[in-house]
$ cat upload29.pdb   # PDB, C-alpha atoms
ATOM      1  CA  MET C 282     -11.320  -4.932  -8.632  1.00  0.00           C
ATOM      2  CA  ASP C 283     -10.264  -8.393  -9.847  1.00  0.00           C
ATOM      3  CA  ALA C 284      -7.273  -6.959 -11.721  1.00  0.00           C
ATOM      4  CA  MET C 285      -6.240  -5.048  -8.597  1.00  0.00           C
ATOM      5  CA  LYS C 286      -6.541  -8.234  -6.548  1.00  0.00           C
ATOM      6  CA  VAL C 287      -4.254 -10.101  -8.947  1.00  0.00           C
ATOM      7  CA  LEU C 288      -1.680  -7.305  -8.860  1.00  0.00           C
ATOM      8  CA  HIS C 289      -1.930  -7.031  -5.081  1.00  0.00           C
ATOM      9  CA  GLN C 290      -1.244 -10.770  -4.699  1.00  0.00           C
ATOM     10  CA  GLN C 291       2.061 -10.286  -6.544  1.00  0.00           C
ATOM     11  CA  LEU C 292       3.458  -8.120  -3.750  1.00  0.00           C
ATOM     12  CA  ALA C 293       5.761  -9.790  -1.251  1.00  0.00           C
ATOM     13  CA  PRO C 294       3.821 -10.887   1.863  1.00  0.00           C
ATOM     14  CA  ASP C 295       5.915  -8.674   4.148  1.00  0.00           C
ATOM     15  CA  VAL C 296       4.629  -5.677   2.168  1.00  0.00           C
ATOM     16  CA  ARG C 297       1.180  -6.945   1.122  1.00  0.00           C
ATOM     17  CA  CYS C 298      -0.022  -8.114   4.544  1.00  0.00           C
ATOM     18  CA  VAL C 299       0.764  -5.015   6.607  1.00  0.00           C
ATOM     19  CA  ALA C 300      -0.797  -1.592   6.983  1.00  0.00           C
ATOM     20  CA  TRP C 301       0.382   1.205   4.676  1.00  0.00           C
ATOM     21  CA  SER C 302       0.341   4.955   5.174  1.00  0.00           C
ATOM     22  CA  SER C 303       1.182   8.001   3.087  1.00  0.00           C
ATOM     23  CA  LYS C 304       2.882  11.276   3.908  1.00  0.00           C
ATOM     24  CA  CYS C 305       2.148  14.735   2.547  1.00  0.00           C
ATOM     25  CA  ALA C 306       5.251  14.518   0.306  1.00  0.00           C
ATOM     26  CA  GLY C 307       3.723  11.641  -1.675  1.00  0.00           C
ATOM     27  CA  GLU C 308       5.661   8.907   0.083  1.00  0.00           C
ATOM     28  CA  VAL C 309       4.102   5.506   0.840  1.00  0.00           C
ATOM     29  CA  PHE C 310       5.243   3.408   3.807  1.00  0.00           C
ATOM     30  CA  ALA C 311       4.563  -0.221   4.789  1.00  0.00           C
ATOM     31  CA  HIS C 312       4.388  -0.775   8.542  1.00  0.00           C
ATOM     32  CA  GLY C 313       5.514  -4.287   9.374  1.00  0.00           C
ATOM     33  CA  GLY C 314       7.484  -4.007  12.581  1.00  0.00           C
ATOM     34  CA  LEU C 315       9.547  -0.928  11.790  1.00  0.00           C
ATOM     35  CA  ALA C 316       8.662   2.057  13.949  1.00  0.00           C
ATOM     36  CA  ASP C 317       8.721   4.538  11.058  1.00  0.00           C
ATOM     37  CA  GLY C 318       7.756   2.068   8.355  1.00  0.00           C
ATOM     38  CA  LEU C 319       9.553   0.926   5.223  1.00  0.00           C
ATOM     39  CA  ARG C 320       9.353   3.450   2.384  1.00  0.00           C
ATOM     40  CA  ILE C 321       7.947   1.504  -0.569  1.00  0.00           C
ATOM     41  CA  GLY C 322       6.995   4.311  -2.921  1.00  0.00           C
ATOM     42  CA  HIS C 323       7.357   7.999  -3.708  1.00  0.00           C
ATOM     43  CA  PHE C 324       5.184   9.973  -6.099  1.00  0.00           C
ATOM     44  CA  GLN C 325       7.321  13.130  -6.305  1.00  0.00           C
ATOM     45  CA  GLY C 326       5.188  15.289  -4.039  1.00  0.00           C
ATOM     46  CA  ASP C 327       1.828  13.990  -5.306  1.00  0.00           C
ATOM     47  CA  ALA C 328       0.123  13.349  -1.966  1.00  0.00           C
ATOM     48  CA  GLU C 329      -3.253  12.647  -3.609  1.00  0.00           C
ATOM     49  CA  LEU C 330      -1.810   9.808  -5.689  1.00  0.00           C
ATOM     50  CA  ALA C 331      -0.068   8.349  -2.632  1.00  0.00           C
ATOM     51  CA  THR C 332      -3.360   8.528  -0.714  1.00  0.00           C
ATOM     52  CA  PHE C 333      -5.125   6.718  -3.579  1.00  0.00           C
ATOM     53  CA  VAL C 334      -2.495   3.952  -3.631  1.00  0.00           C
ATOM     54  CA  VAL C 335      -2.865   3.433   0.133  1.00  0.00           C
ATOM     55  CA  ALA C 336      -6.680   3.348  -0.208  1.00  0.00           C
ATOM     56  CA  ALA C 337      -6.433   0.770  -3.022  1.00  0.00           C
ATOM     57  CA  HIS C 338      -4.117  -1.349  -0.865  1.00  0.00           C
ATOM     58  CA  ASP C 339      -6.520  -1.061   2.088  1.00  0.00           C
ATOM     59  CA  ALA C 340      -9.440  -2.187  -0.099  1.00  0.00           C
ATOM     60  CA  CYS C 341      -7.530  -5.193  -1.463  1.00  0.00           C
ATOM     61  CA  ARG C 342      -6.247  -6.134   1.971  1.00  0.00           C
ATOM     62  CA  ALA C 343      -9.737  -5.927   3.493  1.00  0.00           C
ATOM     63  CA  GLN C 344     -11.122  -8.105   0.701  1.00  0.00           C
ATOM     64  CA  GLU C 345      -8.376 -10.685   1.263  1.00  0.00           C
ATOM     65  CA  MET C 346      -9.118 -10.690   4.996  1.00  0.00           C
ATOM     66  CA  GLY C 347     -12.823 -11.225   4.317  1.00  0.00           C
ATOM     67  CA  LYS C 348     -14.028  -7.892   5.653  1.00  0.00           C
TER      68      LYS C 348
END

$ encode --input "upload29.pdb" --output "structure tokens"
Amino acid sequence: MDAMKVLHQQLAPDVRCVAWSSKCAGEVFAHGGLADGLRIGHFQGDAELATFVVAAHDACRAQEMGK
């Protein structure tokens, strides 16, 4: 998880510090004030990979927040 933490810290704060979600088409969105979110990734229809990326972000974010 340490390598993930280092990589996660390299993201811009306006993307790193907000909730993310994924859509069934494999898209990843960061929700930082935009109603629909900012599309930050697309895995060409691979919803499982998008879900994994969001879960990894959630784990890193929770660790950074001390949860």

$ residues_around --input "upload29.pdb" --residues "Arg342 in chain C" --least-positions-apart "4" --cutoff "9 Å" --atoms "all atoms listed in the file" --output "PDB file with C-alpha atoms, in the coordinates of the input"
ATOM      1  CA  LYS C 286      -6.541  -8.234  -6.548  1.00  0.00           C
ATOM      2  CA  HIS C 289      -1.930  -7.031  -5.081  1.00  0.00           C
ATOM      3  CA  ARG C 297       1.180  -6.945   1.122  1.00  0.00           C
ATOM      4  CA  CYS C 298      -0.022  -8.114   4.544  1.00  0.00           C
ATOM      5  CA  VAL C 299       0.764  -5.015   6.607  1.00  0.00           C
ATOM      6  CA  ALA C 300      -0.797  -1.592   6.983  1.00  0.00           C
ATOM      7  CA  ALA C 337      -6.433   0.770  -3.022  1.00  0.00           C
ATOM      8  CA  HIS C 338      -4.117  -1.349  -0.865  1.00  0.00           C
ATOM      9  CA  MET C 346      -9.118 -10.690   4.996  1.00  0.00           C
ATOM     10  CA  GLY C 347     -12.823 -11.225   4.317  1.00  0.00           C
ATOM     11  CA  LYS C 348     -14.028  -7.892   5.653  1.00  0.00           C
TER      12      LYS C 348
END

$ residues_around --input "upload29.pdb" --residues "His323 in chain C" --least-positions-apart "4" --cutoff "9 Å" --atoms "only C-alpha atoms" --output "PyMOL selection string"
chain C and resi 306-309+327+331

$ axis_aligned_box --input "upload29.pdb" --around "range 286-301 of chain C" --padding-each-side "8 Å" --output "AutoDock Vina command-line options"
--center_x -0.3 --center_y -4.8 --center_z -1.0 --size_x 28.5 --size_y 28.1 --size_z 31.9

$ resolve_selection --input "upload29.pdb" --expression "the PyMOL selection byres ((chain C and resi 295) around 12)" --output "JSON, numbers by chain"
{"C": [290, 291, 292, 293, 294, 296, 297, 298, 299, 300, 301, 311, 312, 313, 314, 315, 318, 319, 321]}

$ atom_distance --input "upload29.pdb" --atom1 "CA of Ala343 in chain C" --atom2 "CA of Phe310 in chain C"
17.7 Å

$ atom_distance --input "upload29.pdb" --atom1 "CA of Val287 in chain C" --atom2 "CA of Gly326 in chain C"
27.5 Å

$ residues_around --input "upload29.pdb" --residues "Asp283 in chain C" --least-positions-apart "5" --cutoff "12 Å" --atoms "all atoms listed in the file" --output "ChimeraX atom specification"
/C:288-290,340-341,344-345

$ write_last_selection --input "upload29.pdb" --atoms "C-alpha atoms" --output "PDB file, in the coordinates of the input"
ATOM      1  CA  LEU C 288      -1.680  -7.305  -8.860  1.00  0.00           C
ATOM      2  CA  HIS C 289      -1.930  -7.031  -5.081  1.00  0.00           C
ATOM      3  CA  GLN C 290      -1.244 -10.770  -4.699  1.00  0.00           C
ATOM      4  CA  ALA C 340      -9.440  -2.187  -0.099  1.00  0.00           C
ATOM      5  CA  CYS C 341      -7.530  -5.193  -1.463  1.00  0.00           C
ATOM      6  CA  GLN C 344     -11.122  -8.105   0.701  1.00  0.00           C
ATOM      7  CA  GLU C 345      -8.376 -10.685   1.263  1.00  0.00           C
TER       8      GLU C 345
END

$ closest_residue --input "upload29.pdb" --among "C:Arg320, C:Gln325, C:Leu330, C:Ala336" --to "Met285 in chain C" --atoms "all atoms listed in the file"
C:Ala336
